[in-house]
Each structure stands twice: as C-alpha cells, then as structure tokens.
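Novice: Provided herewith is a single structure, encoded as structure tokens, for subsequent inquiry.
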There are 2 protein chains.
Amino acid sequence: MKNKAIVTGLYIADQDGTFVSRPLEYVTFDFGGIIGDRHYGMTYPSNVRQPMYPKGTEILNRRQLSVLSIEELKHIASHLQIEYINAEWLGANLVISGLEQLTHLPVNTRLLFPSGAGIICEGENAPCTLAGSEVQKRYPDKKKLASKFVKAASGKRGIVCSVERPGIVNVNDSIEIIYPD
Amino acid sequence: MKNKAIVTGLYIADQDGTFVSRPLEYVTFDFGGIIGDRHYGMTYPSNVRQPMYPKGTEILNRRQLSVLSIEELKHIASHLQIEYINAEWLGANLVISGLEQLTHLPVNTRLLFPSGAGIICEGENAPCTLAGSEVQKRYPDKKKLASKFVKAASGKRGIVCSVERPGIVNVNDSIEIIYPD
C-alpha cells in the first residue's frame, strides 16, 4: 500500500536551546538525524522511555526525529478548546499534511522524499507534560492544559523516526509513504 | 507482558566465508552487530529487500542479526520430512529455545541478556531459496527442497534484530523478552 503526503514545516531543536524547535526552509538528514538537533546521534543516553536499561546507558537512538501532522495538531487544539498549537512548542522536526492518522502509521513504515532521503517510523510518540507545559505557557488563561494535553494528544502527537537514508528535505516536498509488508 | 527464553547456540557468518555460519561459545554484540560477521555494520548497501532504494545505496542496517528458534526449526524439518535442519545452514547468529512462536514476535520487542546487552526485533526474516539451497545440499536424495523450504519456513524462519545495547552473550544465557507497549 502506498500513500502521499506533503512537508509543511521543518524545524530544529538547538542543542544549546530548549525543547522548543525553530523553523528552517530545509534540513539535511544524516544517519544520526538532523545535525545540531538535541536528538541528533546514532546512539544516545537511555532515559525514562527505556526503563529496562540503567538511566544514561548508551543505546541505539531510535528517536532521532519527531514528526507531526497539521491535521492531528488541529484535532488536539479543538479538543483543548484553544485556537491552535504550533508544532515548535512540541519540539517537532517535521510537520506533514495529507495523512489523516499519522500517529497510527505502523512501525517500519517508510517516508521517502524527492532527494532520495528516507526515514522509518519507530512508533507513536507518547505525549508528555513537558510538551503540555509549552502549550500551557501560550494560553495562561486556560487551566490544567499541561495534563489535559497528555490526554487530548494521545494517539495524535505524531511519531518518532530514524533516518534510513540521508539526504536533503525541503518545505513543500512531496512524501511517498510505503507501508511495511 | 514479559517472557523468558534461553540461548542454545551462537554463530558467526565470516565476512570472507559463505552465507553459512559457524558456532561460537560466546559473541560480543556492538552497535553494528557481531564484529567480523557478514552482516556487521551500522549501515550497509541496500539490496532486493529494499526495492525503494537504488541497489547498493548506503542505508541503516536493521538486519544485523539472524535469530532462530529450535522449536521452529523442528517444525520446518517435520514439514519437509527431513530429520533436522542445522541453524548454521540458514546463517543463524543466535538460536533460542523456550518461545513457541519467535517469528511472530512484534516489531520492537526487546531481547535482554544477563550481561545487560539488548537487541530489538526488526521483524520476520522472510525465507529465501538461498537458505533453502543449503538445506537441499544436505539431503541430496530429496527433491525440490530449496523451493519447498521457502513455503515450509514461512512464518517460522525467525527474525532479524538490531543491537540496542552492546555486550557479551554466552550459550545457555537466559533471555528476558519485553514486548512493546
């Protein structure tokens, strides 16, 4: 099964910055992700998401890229009764449009770009209050948005990916989606 | 969900040798797999299994290790009406026992070893006639074993894995199996 989508935004979360990312016109993927991004690396120290290893153990990095969809961001904002959610607040690297349920893509689905670059879906990105707090900051008049975000974003907060083949990706690039056998 | 299994055999397919592997008492996994093995590397040239890339493109290596189960090998041999199949003939790196349906483990299941080493299931290893030919060689009196193997081994030829955390693995080690969320 094949499918198409489009790149609507590209972002980097600077290594010396915070969780929040900033927009770029294009990014270069290499085997560790986006050079200079906080999550860059073929390996990284384990954290609470890998409780089977002592915290800080060097492990394979399967969370190089955070991918979100415009459609799902709108769903979350609608559920929270807020005007919009910027992908940057959630630390996105890649925002796409045209795929109704990005977060439910099967593990090992490939996303291919016109340059030949390819990334692989490693699974759903479970929402956390860290991202929720960033949303809360932008809507100080709303109550308990950080925790409400975790619930509203469940199944809609996008996926994490690894780079399978390096290359350049531009805003407005088409994406070919190849499902696993 | 958790589960247990045991390491019954460890093997290397030498880089200057053939597809067939040879037994070892222990192996050391690093981030590229087993040093000296034909499939060693954090990246490798794409082949017929990745038709979305031009053949020979450098891509992420998610097929570092071939893992089989004693129980499934017995099933295949029984179906083919032959006495036994040696894991080496199929190029195995790791043979385990105690898990009835290894080949159906979900993608992203982790296998953890007493040393702390950990590997991740990347999915089923689709049977090919290359492995079937090795079985045929040992039973010259049987007919069409190479192609019959592909059918008999479907869903029973084990999985491919990547190393998530390096470490030593010994024959008779226990394996803790951790299913994805």
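Chain lettering (A, B, ...) mirrors the order of the structure tokens, residue numbering begins at 1 for each chain separately, and ligand numbering begins at 1 in order of display.
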Kindly assemble as CSV a list of the chain B residues that lie within 7 Å of chain A, each paired with its nearest atom pair and their distance in Å to one decimal, using only C-alpha atoms, sorted first by chain and then by ascending residue number.

Specialist:
```
residue,atom,partner,partner_atom,distance
B:Glu58,CA,A:Arg165,CA,6.9
B:Ile59,CA,A:Arg165,CA,5.0
B:Leu60,CA,A:Glu164,CA,4.7
B:Glu164,CA,A:Leu60,CA,4.7
B:Arg165,CA,A:Ile59,CA,5.0
```

Novice: Taking the DSSP assignment computed from this structure's backbone, write out as a PyMOL selection string all residues of range 62-110 of chain B that belong to strand (DSSP E).

Specialist: chain B and resi 65-69+94-97+110

Novice: Which residue gives the smallest distance to Leu68 in chain B among B:Tyr40, B:Tyr139, B:Phe29, B:Tyr11, with only C-alpha atoms counted?

Specialist: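 Of all the options, B:Tyr11 lies closest to Leu68 in chain B.
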
Novice: Contacts of Ala92 in chain B at 9 Å or less, counting only C-alpha atoms, minus same-chain residues fewer than 5 places along, as a ChimeraX atom specification?

Specialist: /B:9-13,20-22,65-68,87

Novice: Could you dump the residues just selected with C-alpha atoms as a tab-separated table (two decimals), in the first residue's frame?

Specialist:
```tsv
chain	number	residue	atom	x	y	z
B	9	GLY	CA	23.54	-21.56	20.15
B	10	LEU	CA	25.66	-18.65	18.89
B	11	TYR	CA	27.16	-18.39	15.43
B	12	ILE	CA	29.14	-16.12	13.12
B	13	ALA	CA	28.97	-15.97	9.31
B	20	VAL	CA	26.59	-20.50	6.32
B	21	SER	CA	27.62	-19.64	9.90
B	22	ARG	CA	29.84	-21.49	12.44
B	65	LEU	CA	21.45	-10.41	13.43
B	66	SER	CA	19.52	-13.51	12.37
B	67	VAL	CA	17.69	-15.12	15.30
B	68	LEU	CA	16.03	-18.56	15.05
B	87	ALA	CA	20.75	-23.37	12.22
```

Novice: Would you list, as a list in words, the residues of range 77-164 of chain B that end up in helix (DSSP H, G or I) under DSSP run on this structure's backbone?

Specialist: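 Matching residues, listed in order: Ala77, Ser78, His79, Leu80, Ala87, Glu88, Trp89, Leu90, Leu102, Thr103, His104, Thr129, Leu130, Ala131, Gly132, Ser133, Glu134, Val135, Gln136, Lys137, Arg138, Leu145, Ala146, Ser147, Lys148, Phe149, Val150, Lys151 and Ala152 of chain B.
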
Novice: Closest to Tyr84 in chain A among A:Val135, A:Val7, A:Leu102, A:Ile96, using only C-alpha atoms?

Specialist: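 For Tyr84 in chain A, the nearest of the given residues is A:Val135.
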
Novice: Neighbours of Ile82 in chain A within 12 Å (only C-alpha atoms; same-chain residues fewer than 5 positions away dropped), as a PyMOL selection string?

Specialist: chain A and resi 73-77+135-136+138-143+145+148-149+152

Novice: Give the answer as one residue: which of B:Lys137, B:Ser154, B:Leu99, B:Asn170 has the shortest atom-to-atom distance to Ala5 in chain B, using only C-alpha atoms?

Specialist: B:Leu99

Novice: To one decimal in Å, tell me the separation between CA of Ser115 in chain A and CA of Val169 in chain A.

Specialist: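 Separation between CA of Ser115 in chain A and CA of Val169 in chain A: 6.9 Å.
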
Novice: Rounded to one decimal place, report the CA of Ile6 in chain A-CA of Ser97 in chain A distance in Å.

Specialist: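 Atom-to-atom, CA of Ile6 in chain A to CA of Ser97 in chain A, that is 5.3 Å.
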
Novice: What separation in Å, quoted to one decimal, exists between CA of Gly155 in chain A and CA of Val95 in chain A?

Specialist: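 Taking CA of Gly155 in chain A as the start and CA of Val95 in chain A as the end point, the length is 15.9 Å.
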
Novice: Given only C-alpha atoms as the basis, pick out the residue of A:Thr28, A:Thr129, A:Thr8, A:Gln50 nearest to Ile168 in chain A.

Specialist: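 When distances to Ile168 in chain A are compared using only C-alpha atoms, the smallest one comes from A:Thr28.
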
Novice: Pick the closest to Glu71 in chain A from A:Ser133, A:Ser174, A:Thr103, A:Asn3: which is it, counting only C-alpha atoms?

Specialist: A:Thr103

Novice: B:Thr18, B:Gln64, B:Gln101, B:Ser147: which is nearest Glu88 in chain B, counting only C-alpha atoms?

Specialist: B:Thr18
